[in-house]
Amino acid sequence: MANTAESMLDKCRSYIGYKEGPDNDTIFGAWYPMNHQPWCAMFISYCAAKTDNADIIPKYASCAVGVDWFRDRGKFDSTPTVGAIVFYGAGGGEHTEIVESFTSSSITTIGGNTNNDGSANGDGVYRRVVSRSSSRIYGYGHPDYTEGSDMPKRVSVARKAADTLVAGAWEIVSFDTEFADGGAMHPADGASFIQGPAHYLVTASARISGLAEGTTIQTRFVEVNGAGAGVVQKAGPIQEHLVTSGDTFITQSRNGAYCDDGNRVQWHIQVATGTADGTLAFSDL
């Protein structure tokens, strides 16, 4: 189990629903040993010790000590990764949790001594969804998990600049903003979001404007042999979306797909009916 994010997260997940006893009485505080004290950091320390991750995650009861430990090793920044330790409050000294997953706008965390509202002195172990723009987030410590560990690589990208969707043509969605790129999987060409060889799960969303109600939009994930407008090698299922009044929000997911070595995966959108062009206002993966 040593030095993998998945072993750490599995142990943390196993305690979701755990509740403290009177006066902060917990198994984590008793183990430390510093029972009857705020125990969010001791929860993380306990799970690290029980999964052979104690060499890459410190034993700490003070959140500020945890921040300093990661910062001294050049492992602290403002970007989440799966298995990262997130710190909250001034100087990171208020509260700490572990990142289970993340998107372009939020992180999903598991933390002790909290509650559903994110209290820094709650009653148990909870899974929470936190906005990445929250002013409470101070930063993230990144344990040096083993290369090739059992966690998948994570890519989070977006397109924030508007783009024209020409009626009747498949348009490649290119991305101008990168939030995260675990394992250097996001190619620099902008038109592709991952490169092979890779198994992947993907969810993409976009806002379309400028089209008449009732217009049909089609989307698909494709695999191309090279950068930019490379030749399509494999095309996933086409999903159809019907334009509503005002802006139309569309989402497509694909699970269990595989991108061959040397190829890249893209998301394509087509205005399938009518002659009017549309506008792609925002898209993210």
# chains A, B, ... in the order shown; residues from 1 in each chain; ligands from 1
call {"tool": "residues_around", "arguments": {"residues": "A:Ala204", "least_positions_apart": "6", "cutoff": "12 Å", "atoms": "only C-alpha atoms", "output": "VMD selection string"}}
result
chain A and resid 103 to 104 155 to 159 173 175 193 219 to 221 239 249 to 255 266 to 269 282 to 285
call {"tool": "select_by_dssp", "arguments": {"residues": "stretch 50-209 of chain A", "states": "alpha helix (DSSP H)", "output": "ChimeraX atom specification"}}
result
/A:50,63-72
call {"tool": "residues_around", "arguments": {"residues": "A:Ile137", "least_positions_apart": "4", "cutoff": "10 Å", "atoms": "only C-alpha atoms", "output": "list in words"}}
result
Ser78, Val86, Phe87, Tyr88, Gly89, Ala90, Gly91, Gly92, Glu94, His95, Thr96, Val130, Ser131, Arg132 and Ser133 of chain A
call {"tool": "write_last_selection", "arguments": {"atoms": "N, CA, C and O atoms", "output": "PDB file, in the first residue's frame"}}
result
ATOM      1  N   SER A  78      -1.059  26.179  -5.004  1.00  0.00           N
ATOM      2  CA  SER A  78      -2.470  26.566  -4.987  1.00  0.00           C
ATOM      3  C   SER A  78      -3.340  25.725  -5.911  1.00  0.00           C
ATOM      4  O   SER A  78      -4.485  26.083  -6.182  1.00  0.00           O
ATOM      5  N   VAL A  86      -5.402  19.514   1.657  1.00  0.00           N
ATOM      6  CA  VAL A  86      -5.817  20.903   1.543  1.00  0.00           C
ATOM      7  C   VAL A  86      -5.852  21.535   2.928  1.00  0.00           C
ATOM      8  O   VAL A  86      -6.258  20.910   3.908  1.00  0.00           O
ATOM      9  N   PHE A  87      -5.386  22.791   2.999  1.00  0.00           N
ATOM     10  CA  PHE A  87      -5.340  23.531   4.258  1.00  0.00           C
ATOM     11  C   PHE A  87      -6.195  24.788   4.137  1.00  0.00           C
ATOM     12  O   PHE A  87      -6.197  25.456   3.099  1.00  0.00           O
ATOM     13  N   TYR A  88      -6.886  25.115   5.217  1.00  0.00           N
ATOM     14  CA  TYR A  88      -7.842  26.223   5.225  1.00  0.00           C
ATOM     15  C   TYR A  88      -7.448  27.282   6.255  1.00  0.00           C
ATOM     16  O   TYR A  88      -6.776  26.990   7.248  1.00  0.00           O
ATOM     17  N   GLY A  89      -7.922  28.504   5.997  1.00  0.00           N
ATOM     18  CA  GLY A  89      -7.788  29.589   6.954  1.00  0.00           C
ATOM     19  C   GLY A  89      -6.465  30.317   6.862  1.00  0.00           C
ATOM     20  O   GLY A  89      -5.598  29.995   6.044  1.00  0.00           O
ATOM     21  N   ALA A  90      -6.315  31.334   7.701  1.00  0.00           N
ATOM     22  CA  ALA A  90      -5.113  32.154   7.690  1.00  0.00           C
ATOM     23  C   ALA A  90      -3.877  31.291   7.891  1.00  0.00           C
ATOM     24  O   ALA A  90      -3.768  30.551   8.874  1.00  0.00           O
ATOM     25  N   GLY A  91      -2.947  31.369   6.927  1.00  0.00           N
ATOM     26  CA  GLY A  91      -1.731  30.589   7.017  1.00  0.00           C
ATOM     27  C   GLY A  91      -1.935  29.093   6.927  1.00  0.00           C
ATOM     28  O   GLY A  91      -1.010  28.322   7.156  1.00  0.00           O
ATOM     29  N   GLY A  92      -3.166  28.678   6.600  1.00  0.00           N
ATOM     30  CA  GLY A  92      -3.480  27.256   6.535  1.00  0.00           C
ATOM     31  C   GLY A  92      -3.658  26.609   7.883  1.00  0.00           C
ATOM     32  O   GLY A  92      -3.719  25.381   7.981  1.00  0.00           O
ATOM     33  N   GLU A  94      -6.210  26.687  10.095  1.00  0.00           N
ATOM     34  CA  GLU A  94      -7.548  26.494  10.659  1.00  0.00           C
ATOM     35  C   GLU A  94      -8.044  25.056  10.571  1.00  0.00           C
ATOM     36  O   GLU A  94      -8.637  24.523  11.520  1.00  0.00           O
ATOM     37  N   HIS A  95      -7.820  24.399   9.442  1.00  0.00           N
ATOM     38  CA  HIS A  95      -8.424  23.085   9.213  1.00  0.00           C
ATOM     39  C   HIS A  95      -7.693  22.397   8.067  1.00  0.00           C
ATOM     40  O   HIS A  95      -7.072  23.050   7.222  1.00  0.00           O
ATOM     41  N   THR A  96      -7.767  21.060   8.005  1.00  0.00           N
ATOM     42  CA  THR A  96      -7.111  20.303   6.934  1.00  0.00           C
ATOM     43  C   THR A  96      -7.963  19.101   6.540  1.00  0.00           C
ATOM     44  O   THR A  96      -8.652  18.509   7.381  1.00  0.00           O
ATOM     45  N   VAL A 130     -16.379  21.506  -2.042  1.00  0.00           N
ATOM     46  CA  VAL A 130     -15.955  22.862  -1.699  1.00  0.00           C
ATOM     47  C   VAL A 130     -15.620  23.617  -2.982  1.00  0.00           C
ATOM     48  O   VAL A 130     -14.943  23.083  -3.863  1.00  0.00           O
ATOM     49  N   SER A 131     -16.074  24.843  -3.100  1.00  0.00           N
ATOM     50  CA  SER A 131     -15.736  25.665  -4.260  1.00  0.00           C
ATOM     51  C   SER A 131     -14.239  25.956  -4.273  1.00  0.00           C
ATOM     52  O   SER A 131     -13.649  26.306  -3.244  1.00  0.00           O
ATOM     53  N   ARG A 132     -13.620  25.803  -5.431  1.00  0.00           N
ATOM     54  CA  ARG A 132     -12.195  26.098  -5.541  1.00  0.00           C
ATOM     55  C   ARG A 132     -11.891  27.576  -5.344  1.00  0.00           C
ATOM     56  O   ARG A 132     -10.753  27.950  -5.044  1.00  0.00           O
ATOM     57  N   SER A 133     -12.918  28.417  -5.491  1.00  0.00           N
ATOM     58  CA  SER A 133     -12.717  29.855  -5.295  1.00  0.00           C
ATOM     59  C   SER A 133     -12.957  30.280  -3.850  1.00  0.00           C
ATOM     60  O   SER A 133     -12.886  31.467  -3.531  1.00  0.00           O
TER      61      SER A 133
END
call {"tool": "closest_residue", "arguments": {"among": "A:Ser45, A:Gln270, A:Asn3, A:Gln37", "to": "A:Ile238", "atoms": "only C-alpha atoms"}}
result
A:Gln270
call {"tool": "closest_residue", "arguments": {"among": "A:Gly141, A:Pro22, A:Gly168, A:Gly214", "to": "A:Asp72", "atoms": "only C-alpha atoms"}}
result
A:Gly141
call {"tool": "residues_around", "arguments": {"residues": "A:Ile85", "least_positions_apart": "5", "cutoff": "10 Å", "atoms": "only C-alpha atoms", "output": "ChimeraX atom specification"}}
result
/A:41,44,57,66-67,70,76,80,96-100,109-111,139-143
call {"tool": "write_last_selection", "arguments": {"atoms": "N, CA, C and O atoms", "output": "PDB file, in the first residue's frame"}}
result
ATOM      1  N   ALA A  41      -6.149  17.212  11.806  1.00  0.00           N
ATOM      2  CA  ALA A  41      -4.811  16.841  11.346  1.00  0.00           C
ATOM      3  C   ALA A  41      -4.432  15.452  11.835  1.00  0.00           C
ATOM      4  O   ALA A  41      -3.752  14.694  11.127  1.00  0.00           O
ATOM      5  N   ILE A  44      -5.792  12.843   9.420  1.00  0.00           N
ATOM      6  CA  ILE A  44      -4.949  12.668   8.231  1.00  0.00           C
ATOM      7  C   ILE A  44      -3.680  11.891   8.599  1.00  0.00           C
ATOM      8  O   ILE A  44      -3.259  10.961   7.886  1.00  0.00           O
ATOM      9  N   ILE A  57       3.605  11.979   4.221  1.00  0.00           N
ATOM     10  CA  ILE A  57       2.614  12.827   4.881  1.00  0.00           C
ATOM     11  C   ILE A  57       3.018  12.905   6.345  1.00  0.00           C
ATOM     12  O   ILE A  57       3.158  11.880   7.006  1.00  0.00           O
ATOM     13  N   GLY A  66       1.735  21.227   9.355  1.00  0.00           N
ATOM     14  CA  GLY A  66       1.588  20.502   8.106  1.00  0.00           C
ATOM     15  C   GLY A  66       1.922  21.357   6.902  1.00  0.00           C
ATOM     16  O   GLY A  66       2.610  20.906   5.969  1.00  0.00           O
ATOM     17  N   VAL A  67       1.456  22.602   6.906  1.00  0.00           N
ATOM     18  CA  VAL A  67       1.788  23.530   5.815  1.00  0.00           C
ATOM     19  C   VAL A  67       3.292  23.691   5.699  1.00  0.00           C
ATOM     20  O   VAL A  67       3.870  23.591   4.608  1.00  0.00           O
ATOM     21  N   PHE A  70       5.169  20.581   4.131  1.00  0.00           N
ATOM     22  CA  PHE A  70       5.089  20.482   2.671  1.00  0.00           C
ATOM     23  C   PHE A  70       5.848  21.624   1.995  1.00  0.00           C
ATOM     24  O   PHE A  70       6.546  21.414   0.994  1.00  0.00           O
ATOM     25  N   PHE A  76       4.167  22.461  -1.897  1.00  0.00           N
ATOM     26  CA  PHE A  76       2.968  23.224  -1.516  1.00  0.00           C
ATOM     27  C   PHE A  76       2.668  24.261  -2.590  1.00  0.00           C
ATOM     28  O   PHE A  76       3.555  25.004  -3.015  1.00  0.00           O
ATOM     29  N   PRO A  80      -5.113  21.944  -6.796  1.00  0.00           N
ATOM     30  CA  PRO A  80      -5.434  20.630  -6.231  1.00  0.00           C
ATOM     31  C   PRO A  80      -4.973  19.484  -7.120  1.00  0.00           C
ATOM     32  O   PRO A  80      -4.874  19.623  -8.331  1.00  0.00           O
ATOM     33  N   THR A  96      -7.767  21.060   8.005  1.00  0.00           N
ATOM     34  CA  THR A  96      -7.111  20.303   6.934  1.00  0.00           C
ATOM     35  C   THR A  96      -7.963  19.101   6.540  1.00  0.00           C
ATOM     36  O   THR A  96      -8.652  18.509   7.381  1.00  0.00           O
ATOM     37  N   GLU A  97      -7.930  18.745   5.254  1.00  0.00           N
ATOM     38  CA  GLU A  97      -8.671  17.612   4.702  1.00  0.00           C
ATOM     39  C   GLU A  97      -7.840  17.016   3.565  1.00  0.00           C
ATOM     40  O   GLU A  97      -6.780  17.547   3.211  1.00  0.00           O
ATOM     41  N   ILE A  98      -8.329  15.937   2.959  1.00  0.00           N
ATOM     42  CA  ILE A  98      -7.668  15.348   1.796  1.00  0.00           C
ATOM     43  C   ILE A  98      -8.574  15.494   0.585  1.00  0.00           C
ATOM     44  O   ILE A  98      -9.800  15.408   0.692  1.00  0.00           O
ATOM     45  N   VAL A  99      -7.995  15.750  -0.575  1.00  0.00           N
ATOM     46  CA  VAL A  99      -8.740  15.920  -1.822  1.00  0.00           C
ATOM     47  C   VAL A  99      -9.008  14.549  -2.435  1.00  0.00           C
ATOM     48  O   VAL A  99      -8.076  13.822  -2.790  1.00  0.00           O
ATOM     49  N   GLU A 100     -10.283  14.207  -2.580  1.00  0.00           N
ATOM     50  CA  GLU A 100     -10.662  12.937  -3.191  1.00  0.00           C
ATOM     51  C   GLU A 100     -10.754  13.063  -4.709  1.00  0.00           C
ATOM     52  O   GLU A 100     -10.370  12.161  -5.455  1.00  0.00           O
ATOM     53  N   THR A 109     -13.717  16.598  -0.884  1.00  0.00           N
ATOM     54  CA  THR A 109     -12.754  16.315   0.168  1.00  0.00           C
ATOM     55  C   THR A 109     -13.314  15.330   1.187  1.00  0.00           C
ATOM     56  O   THR A 109     -14.520  15.123   1.282  1.00  0.00           O
ATOM     57  N   ILE A 110     -12.418  14.728   1.958  1.00  0.00           N
ATOM     58  CA  ILE A 110     -12.766  13.929   3.125  1.00  0.00           C
ATOM     59  C   ILE A 110     -11.994  14.517   4.296  1.00  0.00           C
ATOM     60  O   ILE A 110     -10.773  14.718   4.199  1.00  0.00           O
ATOM     61  N   GLY A 111     -12.705  14.822   5.369  1.00  0.00           N
ATOM     62  CA  GLY A 111     -12.041  15.452   6.498  1.00  0.00           C
ATOM     63  C   GLY A 111     -12.619  15.032   7.827  1.00  0.00           C
ATOM     64  O   GLY A 111     -13.804  14.693   7.926  1.00  0.00           O
ATOM     65  N   GLY A 139      -4.194  26.566   0.564  1.00  0.00           N
ATOM     66  CA  GLY A 139      -3.331  25.906  -0.413  1.00  0.00           C
ATOM     67  C   GLY A 139      -3.323  24.408  -0.215  1.00  0.00           C
ATOM     68  O   GLY A 139      -4.052  23.857   0.623  1.00  0.00           O
ATOM     69  N   TYR A 140      -2.470  23.744  -0.991  1.00  0.00           N
ATOM     70  CA  TYR A 140      -2.452  22.280  -1.045  1.00  0.00           C
ATOM     71  C   TYR A 140      -1.038  21.745  -0.852  1.00  0.00           C
ATOM     72  O   TYR A 140      -0.088  22.196  -1.507  1.00  0.00           O
ATOM     73  N   GLY A 141      -0.920  20.758   0.030  1.00  0.00           N
ATOM     74  CA  GLY A 141       0.319  20.014   0.157  1.00  0.00           C
ATOM     75  C   GLY A 141       0.237  18.754  -0.686  1.00  0.00           C
ATOM     76  O   GLY A 141      -0.789  18.066  -0.687  1.00  0.00           O
ATOM     77  N   HIS A 142       1.312  18.456  -1.409  1.00  0.00           N
ATOM     78  CA  HIS A 142       1.290  17.343  -2.356  1.00  0.00           C
ATOM     79  C   HIS A 142       2.235  16.225  -1.898  1.00  0.00           C
ATOM     80  O   HIS A 142       3.456  16.325  -2.074  1.00  0.00           O
ATOM     81  N   PRO A 143       1.688  15.162  -1.324  1.00  0.00           N
ATOM     82  CA  PRO A 143       2.533  14.014  -0.958  1.00  0.00           C
ATOM     83  C   PRO A 143       3.220  13.444  -2.196  1.00  0.00           C
ATOM     84  O   PRO A 143       2.659  13.456  -3.295  1.00  0.00           O
TER      85      PRO A 143
END
call {"tool": "atom_distance", "arguments": {"atom1": "atom CA of A:Met8", "atom2": "atom CA of A:Gly118"}}
result
20.8 Å
call {"tool": "closest_residue", "arguments": {"among": "A:Asn53, A:Thr81, A:Ser106, A:Asn113", "to": "A:Ile16", "atoms": "only C-alpha atoms"}}
result
A:Asn113
call {"tool": "closest_residue", "arguments": {"among": "A:Val224, A:Ile27, A:Cys259, A:Ala206", "to": "A:Ala191", "atoms": "only C-alpha atoms"}}
result
A:Val224
call {"tool": "select_by_dssp", "arguments": {"residues": "stretch 12-196 of chain A", "states": "strand (DSSP E)", "output": "PyMOL selection string"}}
result
chain A and resi 76-77+85-88+95-102+106-114+124-131+137-141+155-159+163-165+170-172+177-181+194-195
call {"tool": "closest_residue", "arguments": {"among": "A:Val265, A:Arg13, A:Asp123, A:Ala167", "to": "A:Asp25", "atoms": "only C-alpha atoms"}}
result
A:Asp123
call {"tool": "atom_distance", "arguments": {"atom1": "atom CA of A:Arg264", "atom2": "atom CA of A:Thr146"}}
result
25.7 Å
call {"tool": "closest_residue", "arguments": {"among": "A:Ser7, A:Asn24, A:Ser174, A:Phe102", "to": "A:Ala188", "atoms": "only C-alpha atoms"}}
result
A:Ser174
call {"tool": "residues_around", "arguments": {"residues": "A:Gly278", "least_positions_apart": "3", "cutoff": "9 Å", "atoms": "only C-alpha atoms", "output": "JSON, numbers by chain"}}
result
{"A": [163, 164, 165, 166, 167, 208, 209, 210, 211, 271]}
call {"tool": "write_last_selection", "arguments": {"atoms": "all heavy atoms", "output": "PDB file, in the first residue's frame"}}
result
ATOM      1  N   ASP A 163     -16.165  31.133 -29.469  1.00  0.00           N
ATOM      2  CA  ASP A 163     -15.772  30.578 -30.754  1.00  0.00           C
ATOM      3  C   ASP A 163     -17.018  30.380 -31.598  1.00  0.00           C
ATOM      4  O   ASP A 163     -18.112  30.141 -31.070  1.00  0.00           O
ATOM      5  CB  ASP A 163     -15.053  29.243 -30.548  1.00  0.00           C
ATOM      6  CG  ASP A 163     -14.314  28.779 -31.796  1.00  0.00           C
ATOM      7  OD1 ASP A 163     -14.137  29.597 -32.713  1.00  0.00           O
ATOM      8  OD2 ASP A 163     -13.916  27.607 -31.836  1.00  0.00           O
ATOM      9  N   THR A 164     -16.876  30.483 -32.908  1.00  0.00           N
ATOM     10  CA  THR A 164     -18.018  30.315 -33.814  1.00  0.00           C
ATOM     11  C   THR A 164     -18.218  28.852 -34.173  1.00  0.00           C
ATOM     12  O   THR A 164     -17.258  28.131 -34.456  1.00  0.00           O
ATOM     13  CB  THR A 164     -17.794  31.111 -35.114  1.00  0.00           C
ATOM     14  OG1 THR A 164     -17.654  32.494 -34.782  1.00  0.00           O
ATOM     15  CG2 THR A 164     -18.973  30.940 -36.065  1.00  0.00           C
ATOM     16  N   LEU A 165     -19.480  28.404 -34.142  1.00  0.00           N
ATOM     17  CA  LEU A 165     -19.851  27.068 -34.594  1.00  0.00           C
ATOM     18  C   LEU A 165     -20.516  27.210 -35.956  1.00  0.00           C
ATOM     19  O   LEU A 165     -21.659  27.671 -36.068  1.00  0.00           O
ATOM     20  CB  LEU A 165     -20.811  26.425 -33.593  1.00  0.00           C
ATOM     21  CG  LEU A 165     -20.269  26.192 -32.187  1.00  0.00           C
ATOM     22  CD1 LEU A 165     -21.370  25.635 -31.284  1.00  0.00           C
ATOM     23  CD2 LEU A 165     -19.074  25.247 -32.204  1.00  0.00           C
ATOM     24  N   VAL A 166     -19.809  26.836 -37.010  1.00  0.00           N
ATOM     25  CA  VAL A 166     -20.326  26.970 -38.375  1.00  0.00           C
ATOM     26  C   VAL A 166     -21.352  25.874 -38.627  1.00  0.00           C
ATOM     27  O   VAL A 166     -21.083  24.687 -38.398  1.00  0.00           O
ATOM     28  CB  VAL A 166     -19.183  26.886 -39.403  1.00  0.00           C
ATOM     29  CG1 VAL A 166     -19.731  26.957 -40.819  1.00  0.00           C
ATOM     30  CG2 VAL A 166     -18.174  27.998 -39.148  1.00  0.00           C
ATOM     31  N   ALA A 167     -22.521  26.253 -39.086  1.00  0.00           N
ATOM     32  CA  ALA A 167     -23.598  25.297 -39.320  1.00  0.00           C
ATOM     33  C   ALA A 167     -23.156  24.195 -40.276  1.00  0.00           C
ATOM     34  O   ALA A 167     -22.524  24.461 -41.310  1.00  0.00           O
ATOM     35  CB  ALA A 167     -24.820  26.012 -39.876  1.00  0.00           C
ATOM     36  N   ILE A 208     -24.038  27.199 -25.461  1.00  0.00           N
ATOM     37  CA  ILE A 208     -24.214  27.571 -26.867  1.00  0.00           C
ATOM     38  C   ILE A 208     -25.245  28.694 -26.957  1.00  0.00           C
ATOM     39  O   ILE A 208     -26.322  28.612 -26.362  1.00  0.00           O
ATOM     40  CB  ILE A 208     -24.700  26.372 -27.714  1.00  0.00           C
ATOM     41  CG1 ILE A 208     -23.831  25.129 -27.457  1.00  0.00           C
ATOM     42  CG2 ILE A 208     -24.722  26.743 -29.193  1.00  0.00           C
ATOM     43  CD1 ILE A 208     -22.405  25.273 -27.861  1.00  0.00           C
ATOM     44  N   SER A 209     -24.928  29.716 -27.729  1.00  0.00           N
ATOM     45  CA  SER A 209     -25.861  30.824 -27.925  1.00  0.00           C
ATOM     46  C   SER A 209     -26.003  31.138 -29.408  1.00  0.00           C
ATOM     47  O   SER A 209     -25.231  30.674 -30.242  1.00  0.00           O
ATOM     48  CB  SER A 209     -25.384  32.076 -27.170  1.00  0.00           C
ATOM     49  OG  SER A 209     -24.115  32.486 -27.651  1.00  0.00           O
ATOM     50  N   GLY A 210     -27.041  31.926 -29.731  1.00  0.00           N
ATOM     51  CA  GLY A 210     -27.229  32.414 -31.100  1.00  0.00           C
ATOM     52  C   GLY A 210     -27.979  31.493 -32.022  1.00  0.00           C
ATOM     53  O   GLY A 210     -28.028  31.738 -33.234  1.00  0.00           O
ATOM     54  N   LEU A 211     -28.586  30.416 -31.510  1.00  0.00           N
ATOM     55  CA  LEU A 211     -29.317  29.471 -32.352  1.00  0.00           C
ATOM     56  C   LEU A 211     -30.806  29.494 -32.033  1.00  0.00           C
ATOM     57  O   LEU A 211     -31.205  29.724 -30.889  1.00  0.00           O
ATOM     58  CB  LEU A 211     -28.773  28.053 -32.157  1.00  0.00           C
ATOM     59  CG  LEU A 211     -27.333  27.821 -32.618  1.00  0.00           C
ATOM     60  CD1 LEU A 211     -26.882  26.417 -32.236  1.00  0.00           C
ATOM     61  CD2 LEU A 211     -27.181  28.039 -34.118  1.00  0.00           C
ATOM     62  N   VAL A 271     -23.421  22.053 -35.377  1.00  0.00           N
ATOM     63  CA  VAL A 271     -24.796  22.537 -35.529  1.00  0.00           C
ATOM     64  C   VAL A 271     -25.394  21.723 -36.668  1.00  0.00           C
ATOM     65  O   VAL A 271     -25.078  21.934 -37.840  1.00  0.00           O
ATOM     66  CB  VAL A 271     -24.837  24.042 -35.846  1.00  0.00           C
ATOM     67  CG1 VAL A 271     -26.282  24.516 -36.005  1.00  0.00           C
ATOM     68  CG2 VAL A 271     -24.135  24.844 -34.744  1.00  0.00           C
TER      69      VAL A 271
END
call {"tool": "residues_around", "arguments": {"residues": "A:Asp261", "least_positions_apart": "2", "cutoff": "7 Å", "atoms": "only C-alpha atoms", "output": "ChimeraX atom specification"}}
result
/A:196-197,259,263
call {"tool": "decode", "arguments": {"residues": "stretch 258-271 of chain A", "atoms": "N, CA, C and O atoms", "output": "mmCIF file, in the first residue's frame"}}
result
data_model
loop_
_atom_site.group_PDB
_atom_site.id
_atom_site.type_symbol
_atom_site.label_atom_id
_atom_site.label_comp_id
_atom_site.auth_asym_id
_atom_site.auth_seq_id
_atom_site.Cartn_x
_atom_site.Cartn_y
_atom_site.Cartn_z
ATOM 1 N N TYR A 258 -10.542 4.066 -24.490
ATOM 2 C CA TYR A 258 -9.093 3.923 -24.520
ATOM 3 C C TYR A 258 -8.537 4.657 -25.730
ATOM 4 O O TYR A 258 -9.024 4.492 -26.859
ATOM 5 N N CYS A 259 -7.517 5.489 -25.498
ATOM 6 C CA CYS A 259 -6.839 6.210 -26.569
ATOM 7 C C CYS A 259 -5.530 5.501 -26.878
ATOM 8 O O CYS A 259 -4.703 5.273 -25.984
ATOM 9 N N ASP A 260 -5.336 5.153 -28.149
ATOM 10 C CA ASP A 260 -4.133 4.425 -28.552
ATOM 11 C C ASP A 260 -2.881 5.286 -28.445
ATOM 12 O O ASP A 260 -2.934 6.525 -28.516
ATOM 13 N N ASP A 261 -1.746 4.628 -28.322
ATOM 14 C CA ASP A 261 -0.457 5.292 -28.231
ATOM 15 C C ASP A 261 -0.221 6.162 -29.469
ATOM 16 O O ASP A 261 -0.414 5.723 -30.610
ATOM 17 N N GLY A 262 0.163 7.423 -29.238
ATOM 18 C CA GLY A 262 0.424 8.353 -30.334
ATOM 19 C C GLY A 262 -0.781 9.144 -30.780
ATOM 20 O O GLY A 262 -0.644 10.077 -31.588
ATOM 21 N N ASN A 263 -1.953 8.782 -30.320
ATOM 22 C CA ASN A 263 -3.161 9.510 -30.695
ATOM 23 C C ASN A 263 -3.575 10.498 -29.614
ATOM 24 O O ASN A 263 -3.068 10.474 -28.498
ATOM 25 N N ARG A 264 -4.542 11.353 -29.961
ATOM 26 C CA ARG A 264 -5.053 12.373 -29.048
ATOM 27 C C ARG A 264 -6.573 12.383 -29.108
ATOM 28 O O ARG A 264 -7.162 12.070 -30.140
ATOM 29 N N VAL A 265 -7.182 12.748 -27.994
ATOM 30 C CA VAL A 265 -8.642 12.761 -27.908
ATOM 31 C C VAL A 265 -9.146 14.207 -27.916
ATOM 32 O O VAL A 265 -8.603 15.078 -27.241
ATOM 33 N N GLN A 266 -10.201 14.435 -28.717
ATOM 34 C CA GLN A 266 -10.798 15.756 -28.846
ATOM 35 C C GLN A 266 -12.308 15.664 -28.646
ATOM 36 O O GLN A 266 -12.900 14.589 -28.740
ATOM 37 N N TRP A 267 -12.926 16.821 -28.402
ATOM 38 C CA TRP A 267 -14.383 16.935 -28.341
ATOM 39 C C TRP A 267 -14.826 17.780 -29.520
ATOM 40 O O TRP A 267 -14.316 18.882 -29.727
ATOM 41 N N HIS A 268 -15.768 17.257 -30.321
ATOM 42 C CA HIS A 268 -16.269 17.956 -31.501
ATOM 43 C C HIS A 268 -17.738 18.313 -31.325
ATOM 44 O O HIS A 268 -18.510 17.547 -30.744
ATOM 45 N N ILE A 269 -18.121 19.479 -31.845
ATOM 46 C CA ILE A 269 -19.508 19.955 -31.794
ATOM 47 C C ILE A 269 -19.943 20.342 -33.203
ATOM 48 O O ILE A 269 -19.175 20.950 -33.956
ATOM 49 N N GLN A 270 -21.196 20.028 -33.536
ATOM 50 C CA GLN A 270 -21.750 20.375 -34.845
ATOM 51 C C GLN A 270 -23.168 20.926 -34.703
ATOM 52 O O GLN A 270 -23.990 20.349 -33.984
ATOM 53 N N VAL A 271 -23.421 22.053 -35.377
ATOM 54 C CA VAL A 271 -24.796 22.537 -35.529
ATOM 55 C C VAL A 271 -25.394 21.723 -36.668
ATOM 56 O O VAL A 271 -25.078 21.934 -37.840
#
